file entry.txt (compact mmCIF, C-alpha atoms)
# COMPACT_ATOMS: atom_id res chain seq x y z
CA MET P 1 -29.94 17.69 -30.96
CA ALA P 2 -32.12 18.28 -27.93
CA LEU P 3 -30.61 18.67 -24.50
CA THR P 4 -31.65 15.57 -22.58
CA MET P 5 -30.97 14.06 -19.18
CA TYR P 6 -28.73 11.56 -20.93
CA ARG P 7 -26.67 14.23 -22.72
CA LEU P 8 -26.34 16.22 -19.50
CA SER P 9 -25.10 13.22 -17.53
CA VAL P 10 -23.46 10.23 -19.21
CA PRO P 11 -21.28 12.05 -21.78
CA THR P 12 -20.41 14.63 -19.12
CA PHE P 13 -19.24 11.93 -16.73
CA VAL P 14 -17.29 10.09 -19.44
CA HIS P 15 -15.58 13.32 -20.46
CA GLY P 16 -14.78 14.12 -16.82
CA PHE P 17 -13.16 10.72 -16.40
CA ALA P 18 -11.11 11.29 -19.58
CA VAL P 19 -9.86 14.55 -18.08
CA LEU P 20 -9.10 12.81 -14.79
CA SER P 21 -7.16 10.11 -16.64
CA LYS P 22 -5.07 12.75 -18.42
CA LEU P 23 -4.36 14.44 -15.09
CA LEU P 24 -3.16 11.10 -13.73
CA ASP P 25 -0.94 10.70 -16.82
CA LYS P 26 0.69 14.04 -16.10
CA ALA P 27 1.09 13.14 -12.44
CA GLU P 28 2.82 9.86 -13.31
CA THR P 29 5.15 11.62 -15.74
CA HIS P 30 5.95 14.28 -13.17
CA ALA P 31 6.60 11.68 -10.49
CA GLY P 32 8.95 9.80 -12.79
CA GLU P 33 10.86 12.97 -13.62
CA THR P 34 11.12 14.30 -10.06
CA GLY P 35 11.20 11.19 -7.91
CA LEU P 36 7.90 12.12 -6.27
CA SER P 37 6.28 9.01 -4.83
CA LEU P 38 3.08 7.87 -6.53
CA ASP P 39 1.97 6.46 -3.18
CA ASP P 40 2.32 9.94 -1.70
CA LEU P 41 0.19 11.35 -4.52
CA VAL P 42 -2.55 8.71 -4.10
CA ASN P 43 -2.74 9.60 -0.40
CA ALA P 44 -2.24 13.37 -0.77
CA ARG P 45 -4.89 15.71 0.62
CA LEU P 46 -5.44 19.44 0.47
CA THR P 47 -6.17 19.48 4.19
CA ALA P 48 -6.61 16.90 6.93
CA ASP P 49 -10.41 16.84 6.85
CA MET P 50 -10.67 16.26 3.08
CA LEU P 51 -10.44 12.99 1.22
CA PRO P 52 -7.15 12.10 -0.45
CA LEU P 53 -6.72 11.82 -4.22
CA SER P 54 -7.93 8.22 -4.08
CA GLY P 55 -11.11 9.36 -2.32
CA GLN P 56 -11.75 12.05 -4.93
CA VAL P 57 -11.61 9.45 -7.71
CA GLN P 58 -13.87 7.13 -5.69
CA ARG P 59 -16.46 9.84 -5.04
CA ALA P 60 -16.50 10.93 -8.71
CA SER P 61 -17.09 7.29 -9.61
CA ASP P 62 -19.79 6.88 -6.98
CA THR P 63 -21.48 10.11 -8.04
CA SER P 64 -21.72 8.99 -11.65
CA LYS P 65 -23.02 5.51 -10.78
CA GLY P 66 -25.34 6.81 -8.07
CA THR P 67 -26.89 9.25 -10.47
CA ILE P 68 -27.74 6.49 -12.91
CA ALA P 69 -29.11 4.36 -10.05
CA ARG P 70 -31.40 7.13 -8.85
CA LEU P 71 -32.60 8.18 -12.31
CA THR P 72 -33.13 4.76 -13.90
CA TYR P 73 -34.04 1.22 -13.00
CA LEU P 74 -30.65 -0.13 -14.06
CA GLN P 75 -28.56 -2.38 -11.86
CA VAL P 76 -25.53 -0.32 -10.89
CA PRO P 77 -22.21 -2.00 -10.03
CA SER P 78 -20.72 -1.58 -6.59
CA PHE P 79 -17.00 -0.91 -6.31
CA PRO P 80 -15.30 -1.21 -2.91
CA ASP P 81 -13.13 1.78 -2.03
CA GLU P 82 -9.84 -0.11 -1.99
CA GLU P 83 -7.75 1.86 -4.47
CA LYS P 84 -4.19 2.30 -3.22
CA THR P 85 -2.15 2.77 -6.41
CA PHE P 86 -2.33 4.72 -9.64
CA ALA P 87 -3.13 1.43 -11.41
CA ASP P 88 -6.04 0.96 -9.00
CA LEU P 89 -7.29 4.49 -9.71
CA ARG P 90 -7.10 3.89 -13.44
CA GLU P 91 -8.98 0.61 -13.03
CA ARG P 92 -11.73 2.38 -11.04
CA ILE P 93 -12.04 5.02 -13.73
CA GLY P 94 -12.12 2.34 -16.42
CA LYS P 95 -14.84 0.34 -14.66
CA SER P 96 -16.89 3.51 -14.16
CA VAL P 97 -16.64 4.45 -17.83
CA ALA P 98 -17.38 0.88 -18.93
CA PHE P 99 -20.56 0.95 -16.88
CA LEU P 100 -21.58 4.38 -18.17
CA GLU P 101 -21.11 3.17 -21.74
CA THR P 102 -23.86 0.59 -21.14
CA VAL P 103 -26.40 3.30 -20.33
CA ARG P 104 -28.64 4.17 -23.27
CA PRO P 105 -30.38 7.50 -23.81
CA ALA P 106 -33.75 5.72 -23.50
CA ASP P 107 -32.78 4.55 -20.00
CA LEU P 108 -33.02 8.16 -18.82
CA ASP P 109 -36.18 9.10 -20.73
CA GLY P 110 -38.66 10.71 -18.33
CA SER P 111 -36.15 10.86 -15.48
CA GLU P 112 -36.37 14.64 -15.30
CA THR P 113 -39.67 14.29 -13.45
CA ARG P 114 -38.68 11.28 -11.36
CA GLU P 115 -38.61 12.04 -7.63
CA VAL P 116 -35.16 11.64 -6.07
CA THR P 117 -34.76 11.61 -2.31
CA LEU P 118 -31.31 12.27 -0.89
CA ASN P 119 -30.76 10.99 2.60
CA PHE P 120 -27.17 11.65 3.61
CA THR P 121 -26.01 12.32 7.16
CA LYS P 122 -26.17 16.09 6.83
CA LEU P 123 -28.40 16.39 3.77
CA LYS P 124 -31.99 15.26 3.40
CA MET P 125 -34.13 16.49 0.54
CA THR P 126 -36.40 15.43 -2.29
CA LEU P 127 -35.86 16.83 -5.77
CA SER P 128 -37.13 16.25 -9.26
CA GLY P 129 -34.67 14.28 -11.38
CA GLU P 130 -33.88 17.44 -13.33
CA ASP P 131 -33.12 19.47 -10.20
CA TYR P 132 -31.15 16.56 -8.74
CA LEU P 133 -28.94 16.41 -11.83
CA LEU P 134 -28.57 20.16 -12.36
CA LYS P 135 -28.41 21.40 -8.77
CA PHE P 136 -26.66 18.54 -6.97
CA VAL P 137 -25.01 15.92 -9.17
CA LEU P 138 -23.05 18.07 -11.59
CA SER P 139 -21.73 20.31 -8.81
CA ASN P 140 -20.75 17.27 -6.75
CA PHE P 141 -19.06 15.50 -9.66
CA TYR P 142 -17.05 18.57 -10.62
CA PHE P 143 -16.18 19.25 -6.98
CA HIS P 144 -14.37 15.91 -6.83
CA LEU P 145 -12.70 16.38 -10.23
CA THR P 146 -11.57 19.85 -9.22
CA THR P 147 -10.29 18.65 -5.87
CA ALA P 148 -8.29 15.88 -7.58
CA TYR P 149 -6.83 18.53 -9.91
CA ASP P 150 -6.08 20.79 -6.94
CA ILE P 151 -4.33 18.01 -5.03
CA LEU P 152 -2.09 17.24 -7.99
CA ARG P 153 -1.38 20.92 -8.61
CA HIS P 154 -0.62 21.43 -4.90
CA LYS P 155 1.87 18.56 -5.07
CA GLY P 156 3.70 20.26 -7.95
CA VAL P 157 2.25 18.39 -10.92
CA PRO P 158 2.41 20.82 -13.86
CA VAL P 159 -1.27 20.95 -14.73
CA GLY P 160 -3.21 24.04 -15.67
CA LYS P 161 -6.66 25.21 -16.60
CA ALA P 162 -6.31 23.91 -20.16
CA ASP P 163 -5.74 20.41 -18.78
CA PHE P 164 -8.94 20.62 -16.74
CA ILE P 165 -11.07 22.09 -19.51
CA SER P 166 -9.70 19.69 -22.11
CA LEU P 167 -12.15 19.38 -24.98
CA SER P 168 -10.61 16.27 -26.47

call {"tool": "encode", "arguments": {"input": "entry.txt", "output": "structure tokens"}}
result
Amino acid sequence: MALTMYRLSVPTFVHGFAVLSKLLDKAETHAGETGLSLDDLVNARLTADMLPLSGQVQRASDTSKGTIARLTYLQVPSFPDEEKTFADLRERIGKSVAFLETVRPADLDGSETREVTLNFTKLKMTLSGEDYLLKFVLSNFYFHLTTAYDILRHKGVPVGKADFISLS
């Protein structure tokens, strides 16, 4: 099977959300066994100037949806950043995956050459769709997944590399 923009994005995002869900499962189990507050985990940060766990889930969600918005003509759902509980985080992940499952490979056909302009506060650039996906999106998505993992690990949740690289 050829490597396509679809295969590089949608299944990658869906898999990343499956990993994130499993990490949340382990965090909930750990909290139940140790008395650690789930509210504390949702709001936990690695350092003061970084987003909390809830923000990492939100940005992973936004990255996946934003990618599809920029590379296709599909209407992308908007989710307000209001998650305050583990149930809320799971719902956000579920809504993100449900949306991604509506994207068809044909929706991304030709998107590798589509011009994508990023216009963030500290980042302004124009890339081809391929460069956008390979040089910006995937790094950004995995940054937020890794940071969520790191927050949980920092808070004592017994997760390891095998949990992050889960192939199932």

call {"tool": "residues_around", "arguments": {"input": "entry.txt", "residues": "region 43-58 of chain P", "least_positions_apart": "6", "cutoff": "8 Å", "atoms": "all atoms listed in the file", "output": "list of chain:residue names"}}
result
P:Asp81, P:Glu83, P:Lys84, P:Leu89, P:Arg92, P:Ile93, P:His144, P:Leu145, P:Thr147, P:Ala148, P:Asp150, P:Ile151, P:His154, P:Lys155

call {"tool": "residues_around", "arguments": {"input": "entry.txt", "residues": "His30 (chain P)", "least_positions_apart": "3", "cutoff": "6 Å", "atoms": "all atoms listed in the file", "output": "VMD selection string"}}
result
chain P and resid 27 33 157

call {"tool": "residues_around", "arguments": {"input": "entry.txt", "residues": "Gly16 (chain P)", "least_positions_apart": "4", "cutoff": "8 Å", "atoms": "all atoms listed in the file", "output": "PyMOL selection string"}}
result
chain P and resi 12+20+142+145

call {"tool": "atom_distance", "arguments": {"input": "entry.txt", "atom1": "CA of Gly160 (chain P)", "atom2": "CA of Thr85 (chain P)"}}
result
23.2 Å

call {"tool": "axis_aligned_box", "arguments": {"input": "entry.txt", "around": "region 16-28 of chain P", "padding_each_side": "5 Å", "output": "AutoDock Vina command-line options"}}
result
--center_x -6.0 --center_y 12.2 --center_z -16.0 --size_x 27.6 --size_y 14.7 --size_z 17.1

call {"tool": "atom_distance", "arguments": {"input": "entry.txt", "atom1": "CA of Phe141 (chain P)", "atom2": "CA of Ala31 (chain P)"}}
result
26.0 Å

call {"tool": "closest_residue", "arguments": {"input": "entry.txt", "among": "P:Val10, P:Met1, P:Leu123, P:Leu133", "to": "Glu101 (chain P)", "atoms": "all atoms listed in the file"}}
result
P:Val10

call {"tool": "residues_around", "arguments": {"input": "entry.txt", "residues": "Ser9 (chain P)", "least_positions_apart": "6", "cutoff": "9 Å", "atoms": "all atoms listed in the file", "output": "ChimeraX atom specification"}}
result
/P:64,67-68,133,137-138

call {"tool": "write_last_selection", "arguments": {"input": "entry.txt", "atoms": "C-alpha atoms", "output": "JSON list (two decimals), keeping the file's coordinate frame"}}
result
[["chain", "number", "residue", "atom", "x", "y", "z"],
["P", 64, "SER", "CA", -21.72, 8.99, -11.65],
["P", 67, "THR", "CA", -26.89, 9.25, -10.47],
["P", 68, "ILE", "CA", -27.74, 6.49, -12.91],
["P", 133, "LEU", "CA", -28.94, 16.41, -11.83],
["P", 137, "VAL", "CA", -25.01, 15.92, -9.17],
["P", 138, "LEU", "CA", -23.05, 18.07, -11.59]]

call {"tool": "atom_distance", "arguments": {"input": "entry.txt", "atom1": "CA of Asp107 (chain P)", "atom2": "CA of Leu71 (chain P)"}}
result
8.5 Å

call {"tool": "closest_residue", "arguments": {"input": "entry.txt", "among": "P:Leu24, P:Ala69, P:Val103, P:Val14", "to": "Val116 (chain P)", "atoms": "all atoms listed in the file"}}
result
P:Ala69

call {"tool": "residues_around", "arguments": {"input": "entry.txt", "residues": "Phe99 (chain P)", "least_positions_apart": "6", "cutoff": "9 Å", "atoms": "only C-alpha atoms", "output": "list in words"}}
result
Lys65, Val76 and Pro77 of chain P

call {"tool": "closest_residue", "arguments": {"input": "entry.txt", "among": "P:Ser166, P:Leu74, P:Phe86, P:Gly94", "to": "Leu41 (chain P)", "atoms": "only C-alpha atoms"}}
result
P:Phe86

call {"tool": "closest_residue", "arguments": {"input": "entry.txt", "among": "P:Lys95, P:Arg90, P:Arg7, P:Arg70", "to": "Thr113 (chain P)", "atoms": "only C-alpha atoms"}}
result
P:Arg70

call {"tool": "closest_residue", "arguments": {"input": "entry.txt", "among": "P:Ala162, P:Glu28, P:Gln75, P:Leu8", "to": "Thr102 (chain P)", "atoms": "only C-alpha atoms"}}
result
P:Gln75

call {"tool": "closest_residue", "arguments": {"input": "entry.txt", "among": "P:Lys135, P:Lys122, P:Lys26, P:Arg59", "to": "Arg153 (chain P)", "atoms": "only C-alpha atoms"}}
result
P:Lys26

call {"tool": "residues_near_point", "arguments": {"input": "entry.txt", "point": "(-5.3, 20.6, -19.5)", "cutoff": "10 Å", "atoms": "all atoms listed in the file", "output": "list in words"}}
result
Val19, Leu20, Lys22, Leu23, Lys26, Tyr149, Pro158, Val159, Gly160, Lys161, Ala162, Asp163, Phe164, Ile165, Ser166, Leu167 and Ser168 of chain P

call {"tool": "residues_near_point", "arguments": {"input": "entry.txt", "point": "(-32.9, 17.5, -24.0)", "cutoff": "12 Å", "atoms": "only C-alpha atoms", "output": "short mmCIF file (atom, residue, chain, number, x, y, z; two decimals) with C-alpha atoms, keeping the file's coordinate frame"}}
result
data_model
loop_
_atom_site.label_atom_id
_atom_site.label_comp_id
_atom_site.auth_asym_id
_atom_site.auth_seq_id
_atom_site.Cartn_x
_atom_site.Cartn_y
_atom_site.Cartn_z
CA MET P 1 -29.94 17.69 -30.96
CA ALA P 2 -32.12 18.28 -27.93
CA LEU P 3 -30.61 18.67 -24.50
CA THR P 4 -31.65 15.57 -22.58
CA MET P 5 -30.97 14.06 -19.18
CA TYR P 6 -28.73 11.56 -20.93
CA ARG P 7 -26.67 14.23 -22.72
CA LEU P 8 -26.34 16.22 -19.50
CA SER P 9 -25.10 13.22 -17.53
CA PRO P 105 -30.38 7.50 -23.81
CA ALA P 106 -33.75 5.72 -23.50
CA LEU P 108 -33.02 8.16 -18.82
CA ASP P 109 -36.18 9.10 -20.73
CA GLY P 110 -38.66 10.71 -18.33
CA SER P 111 -36.15 10.86 -15.48
CA GLU P 112 -36.37 14.64 -15.30
CA GLU P 130 -33.88 17.44 -13.33
#
